[in-house]
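Enquirer: Once you've had a glance at the structure underneath, I'll fire off some questions.
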Amino acid sequence: MNLVLEAKNINKHFYKPKDFHVLKDISFGVHEGEFASIMGKSGSGKSTLLYILSTMDTDYTGELFLNQELVSGKSHQELSRIRNKHIGFVFQFHYLLSEFSVLENVMLPAKKLAEKSNAEIAKDAQEKLEMLHIGHLAHQRASRISGGEKQRVAIARALINNPTILMGDEPTGNLDSHNSENVFNIFKSLKEEQGLSLLVVTHDEDFAKRTDRIIQMEDGMIVDQ
Ligand SMILES: Nc1ncnc2c1ncn2[C@@H]1O[C@H](COP(=O)(O)OP(=O)(O)OP(=O)(O)O)[C@@H](O)[C@H]1O
């Protein structure tokens, strides 16, 4: 099975207020169609690692491959394009633009990529919303929908460019148990029905236990996977 993401000997330091070796020789991979989770105590380095894996942070040593292509060392411009095309990201907070409609929010990453006409992008966005059972909300303002709906819109937006991998940093952290369960089920069906690869940082043990693999972090190291 192909690796969609591979980290080799990733090390990172923070130098302020003093030298702190936050990630210590991290190596692991995510296979095509795998749903993996990262767990670990607060401060163990999970978010720091995810920001490197998603190419948002380039200040580290080691090698990062996406779809078997070495991405470390590339320019910010190249990384921005790779990230937009290959990585979908869902955060704890939805970061929707509240004055825009749901549909416009979902369309944004595809407009940035500029590979399709606006009409095609709108059609794709509507399809993603239908898939997540919120098609009827397309023309609502993003500020006028519930928290659980906002997170589903954020997932639709993360999927609009048909990424290779979907990453999440505590994507259920702000949701009640019912909406968390919804998000888990959406992720699971994306894996099962579309073969999507997923990598999710979570504190929710119940969520992690039901993923294919738990990557356990402690003190900047992977101690179990
Ligand atoms: N910009 C920074 N400068 C210095 N130290 C930082 C910086 N960002 C994070 N840290 C420290 O690095 C360590 C790892 O932080 P990180 O946010 O990756 O942990 P985490 O496992 O995601 O924690 P949580 O579960 O609380 O989100 C922590 O000790 C944190 O205080």
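Numbering starts fresh at 1 for the residues of each chain in the structure tokens, the chains themselves are lettered A, B, ... in the order given, and ligands are numbered from 1 as they appear.
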Mind listing the strand (DSSP E) residues of chain A, per DSSP on the backbone, as a PyMOL selection string?
Expert: chain A and resi 3-14+20-31+35-40+61-66+69-70+87-90+165-169+197-201+213-218+221-224
Enquirer: Which residues of range 30-148 of chain A come within 6 Å of range 8-14 of chain A, and what is each one's closest atom pair and distance in Å (one decimal), counting only C-alpha atoms, sorted by chain and residue number, as a tab-separated table?
Expert:
```
residue	atom	partner	partner_atom	distance
A:Tyr60	CA	A:Lys12	CA	4.8
A:Thr61	CA	A:Asn11	CA	5.3
A:Gly62	CA	A:Ile10	CA	4.4
A:Glu63	CA	A:Lys8	CA	5.0
```
Enquirer: Among the residues of range 106-141 of chain A, find those DSSP assigns to helix (DSSP H, G or I) from the backbone and print them as JSON, numbers by chain.
Expert: {"A": [106, 107, 108, 109, 110, 111, 112, 113, 118, 119, 120, 121, 122, 123, 124, 125, 126, 127, 128, 129, 130, 131, 135, 136, 137]}
Enquirer: Could you check how far CA of Leu129 in chain A sits from CA of Gly88 in chain A, in Å to one decimal?
Expert: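 Here the two named atoms are 15.3 Å from each other.
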Enquirer: Taking into account only C-alpha atoms, which residue in the set A:Leu3, A:Val90, A:Leu97, A:Leu53 is nearest to Gln68 in chain A?
Expert: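 So, comparing all the options, the nearest one is A:Leu3.
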Enquirer: Pick out the residues no farther than 9 Å from ligand 1, counting only C-alpha atoms and all ligand atoms, and list them as a PyMOL selection string.
Expert: chain A and resi 13-23+39-51+169-170+201-203+217-220
Enquirer: Can those selected residues be exported to a file as a PDB file, in the first residue's frame so that it contains C-alpha atoms?
Expert:
```pdb
ATOM      1  CA  HIS A  13      13.388  23.282  18.375  1.00  0.00           C
ATOM      2  CA  PHE A  14      11.818  26.408  19.785  1.00  0.00           C
ATOM      3  CA  TYR A  15      14.583  28.858  20.719  1.00  0.00           C
ATOM      4  CA  LYS A  16      12.543  31.329  22.771  1.00  0.00           C
ATOM      5  CA  PRO A  17      12.471  31.841  25.691  1.00  0.00           C
ATOM      6  CA  LYS A  18      15.169  29.118  25.713  1.00  0.00           C
ATOM      7  CA  ASP A  19      16.212  26.150  23.570  1.00  0.00           C
ATOM      8  CA  PHE A  20      13.464  23.531  23.709  1.00  0.00           C
ATOM      9  CA  HIS A  21      13.689  20.336  21.611  1.00  0.00           C
ATOM     10  CA  VAL A  22       9.958  19.974  20.960  1.00  0.00           C
ATOM     11  CA  LEU A  23       9.976  17.180  18.321  1.00  0.00           C
ATOM     12  CA  MET A  39      -2.957  11.172  20.908  1.00  0.00           C
ATOM     13  CA  GLY A  40      -0.804  12.420  23.746  1.00  0.00           C
ATOM     14  CA  LYS A  41      -0.834  14.613  26.795  1.00  0.00           C
ATOM     15  CA  SER A  42      -1.146  18.368  26.482  1.00  0.00           C
ATOM     16  CA  GLY A  43       2.242  19.764  25.477  1.00  0.00           C
ATOM     17  CA  SER A  44       3.545  16.510  23.966  1.00  0.00           C
ATOM     18  CA  GLY A  45       3.945  18.195  20.552  1.00  0.00           C
ATOM     19  CA  LYS A  46       0.881  16.998  18.595  1.00  0.00           C
ATOM     20  CA  SER A  47      -0.157  20.347  17.105  1.00  0.00           C
ATOM     21  CA  THR A  48       3.445  21.304  16.407  1.00  0.00           C
ATOM     22  CA  LEU A  49       3.858  18.051  14.470  1.00  0.00           C
ATOM     23  CA  LEU A  50       0.591  18.467  12.561  1.00  0.00           C
ATOM     24  CA  TYR A  51       1.567  21.970  11.427  1.00  0.00           C
ATOM     25  CA  ASP A 169      -6.473  19.266  14.818  1.00  0.00           C
ATOM     26  CA  GLU A 170      -9.072  18.475  17.499  1.00  0.00           C
ATOM     27  CA  VAL A 201      -5.114  14.849  16.483  1.00  0.00           C
ATOM     28  CA  THR A 202      -7.595  14.207  19.266  1.00  0.00           C
ATOM     29  CA  HIS A 203      -7.945  14.123  23.035  1.00  0.00           C
ATOM     30  CA  MET A 217       3.119  10.910  21.531  1.00  0.00           C
ATOM     31  CA  GLU A 218       4.988  11.644  24.704  1.00  0.00           C
ATOM     32  CA  ASP A 219       7.443  14.441  25.312  1.00  0.00           C
ATOM     33  CA  GLY A 220       8.051  15.118  21.592  1.00  0.00           C
TER      34      GLY A 220
END
```
Enquirer: Which residue, A:Lys111, A:Arg81, A:Lys191, A:Arg210, has the smallest gap to Arg157 in chain A when you use only C-alpha atoms?
Expert: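 Between A:Lys111, A:Arg81, A:Lys191, A:Arg210, the residue approaching Arg157 in chain A most closely is A:Lys111.
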Enquirer: Would you kindly return, as a ChimeraX atom specification, each protein, DNA or RNA residue with an atom no farther than 9 Å from any atom of Ala125 in chain A, considering only C-alpha atoms and excluding same-chain residues fewer than 3 positions away?
Expert: /A:103-104,106-107,120-122,128-130,138,156-157,159-160
Enquirer: Would you mind listing what lies within 10 Å of Val102 in chain A as an MDAnalysis selection string, with only C-alpha atoms counted and same-chain residues fewer than 2 positions away left out?
Expert: chainID A and resid 96:100 104:107 125:126 129 134:145 149:150 153:154 156:157
Enquirer: How about saving the chosen residues, N, CA and C atoms kept, as a compact mmCIF listing (two decimals), in the first residue's frame?
Expert:
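again_4.txt written:
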```txt
# COMPACT_ATOMS: atom_id res chain seq x y z
N LEU A 96 -14.98 29.84 9.51
CA LEU A 96 -15.78 30.22 8.35
C LEU A 96 -15.86 31.74 8.30
N LEU A 97 -16.03 32.28 7.10
CA LEU A 97 -16.22 33.72 6.96
C LEU A 97 -17.70 34.00 7.17
N SER A 98 -18.00 34.67 8.27
CA SER A 98 -19.40 34.73 8.72
C SER A 98 -20.31 35.53 7.80
N GLU A 99 -19.74 36.48 7.06
CA GLU A 99 -20.57 37.31 6.17
C GLU A 99 -20.84 36.62 4.83
N PHE A 100 -20.15 35.53 4.57
CA PHE A 100 -20.31 34.82 3.30
C PHE A 100 -21.34 33.72 3.46
N GLU A 104 -20.37 29.84 -0.60
CA GLU A 104 -19.17 30.64 -0.92
C GLU A 104 -17.99 30.21 -0.05
N ASN A 105 -18.25 29.89 1.21
CA ASN A 105 -17.17 29.42 2.09
C ASN A 105 -16.55 28.14 1.55
N VAL A 106 -17.41 27.21 1.11
CA VAL A 106 -16.90 25.92 0.62
C VAL A 106 -16.12 26.12 -0.68
N MET A 107 -16.53 27.10 -1.49
CA MET A 107 -15.89 27.33 -2.80
C MET A 107 -14.48 27.93 -2.69
N ALA A 125 -19.12 22.31 -4.95
CA ALA A 125 -19.37 22.70 -3.55
C ALA A 125 -20.75 22.21 -3.10
N GLN A 126 -21.73 22.37 -4.00
CA GLN A 126 -23.08 21.90 -3.66
C GLN A 126 -23.07 20.38 -3.44
N LEU A 129 -21.71 19.55 -0.07
CA LEU A 129 -22.69 19.85 0.98
C LEU A 129 -23.78 18.78 1.02
N ILE A 134 -26.10 18.66 4.21
CA ILE A 134 -26.40 20.06 4.54
C ILE A 134 -26.58 20.88 3.26
N GLY A 135 -26.97 20.21 2.21
CA GLY A 135 -27.20 20.89 0.93
C GLY A 135 -28.20 22.02 1.04
N HIS A 136 -29.19 21.85 1.91
CA HIS A 136 -30.24 22.85 2.07
C HIS A 136 -29.73 24.15 2.71
N LEU A 137 -28.52 24.12 3.26
CA LEU A 137 -27.97 25.32 3.92
C LEU A 137 -27.12 26.18 2.99
N ALA A 138 -26.95 25.74 1.73
CA ALA A 138 -26.00 26.38 0.81
C ALA A 138 -26.09 27.91 0.78
N HIS A 139 -27.32 28.44 0.80
CA HIS A 139 -27.45 29.90 0.62
C HIS A 139 -27.70 30.65 1.93
N GLN A 140 -27.54 29.95 3.03
CA GLN A 140 -27.59 30.61 4.34
C GLN A 140 -26.27 31.35 4.58
N ARG A 141 -26.34 32.41 5.34
CA ARG A 141 -25.11 33.03 5.80
C ARG A 141 -24.42 32.10 6.80
N ALA A 142 -23.10 32.02 6.76
CA ALA A 142 -22.38 31.09 7.64
C ALA A 142 -22.61 31.42 9.12
N SER A 143 -22.91 32.69 9.42
CA SER A 143 -23.12 33.07 10.82
C SER A 143 -24.47 32.57 11.35
N ARG A 144 -25.35 32.12 10.45
CA ARG A 144 -26.72 31.81 10.86
C ARG A 144 -26.98 30.31 11.05
N ILE A 145 -25.94 29.51 11.10
CA ILE A 145 -26.15 28.05 11.25
C ILE A 145 -25.55 27.57 12.57
N GLU A 149 -23.36 22.27 12.39
CA GLU A 149 -23.46 22.52 10.94
C GLU A 149 -22.22 23.24 10.43
N LYS A 150 -21.73 24.21 11.23
CA LYS A 150 -20.52 24.95 10.82
C LYS A 150 -19.35 23.98 10.63
N VAL A 153 -19.70 22.25 7.41
CA VAL A 153 -19.33 23.14 6.31
C VAL A 153 -17.79 23.20 6.20
N ALA A 154 -17.13 23.26 7.36
CA ALA A 154 -15.66 23.29 7.35
C ALA A 154 -15.10 22.00 6.73
N ALA A 156 -16.70 20.18 4.43
CA ALA A 156 -16.98 20.30 2.98
C ALA A 156 -15.92 21.18 2.32
N ARG A 157 -15.56 22.28 2.99
CA ARG A 157 -14.54 23.18 2.45
C ARG A 157 -13.19 22.46 2.35
```
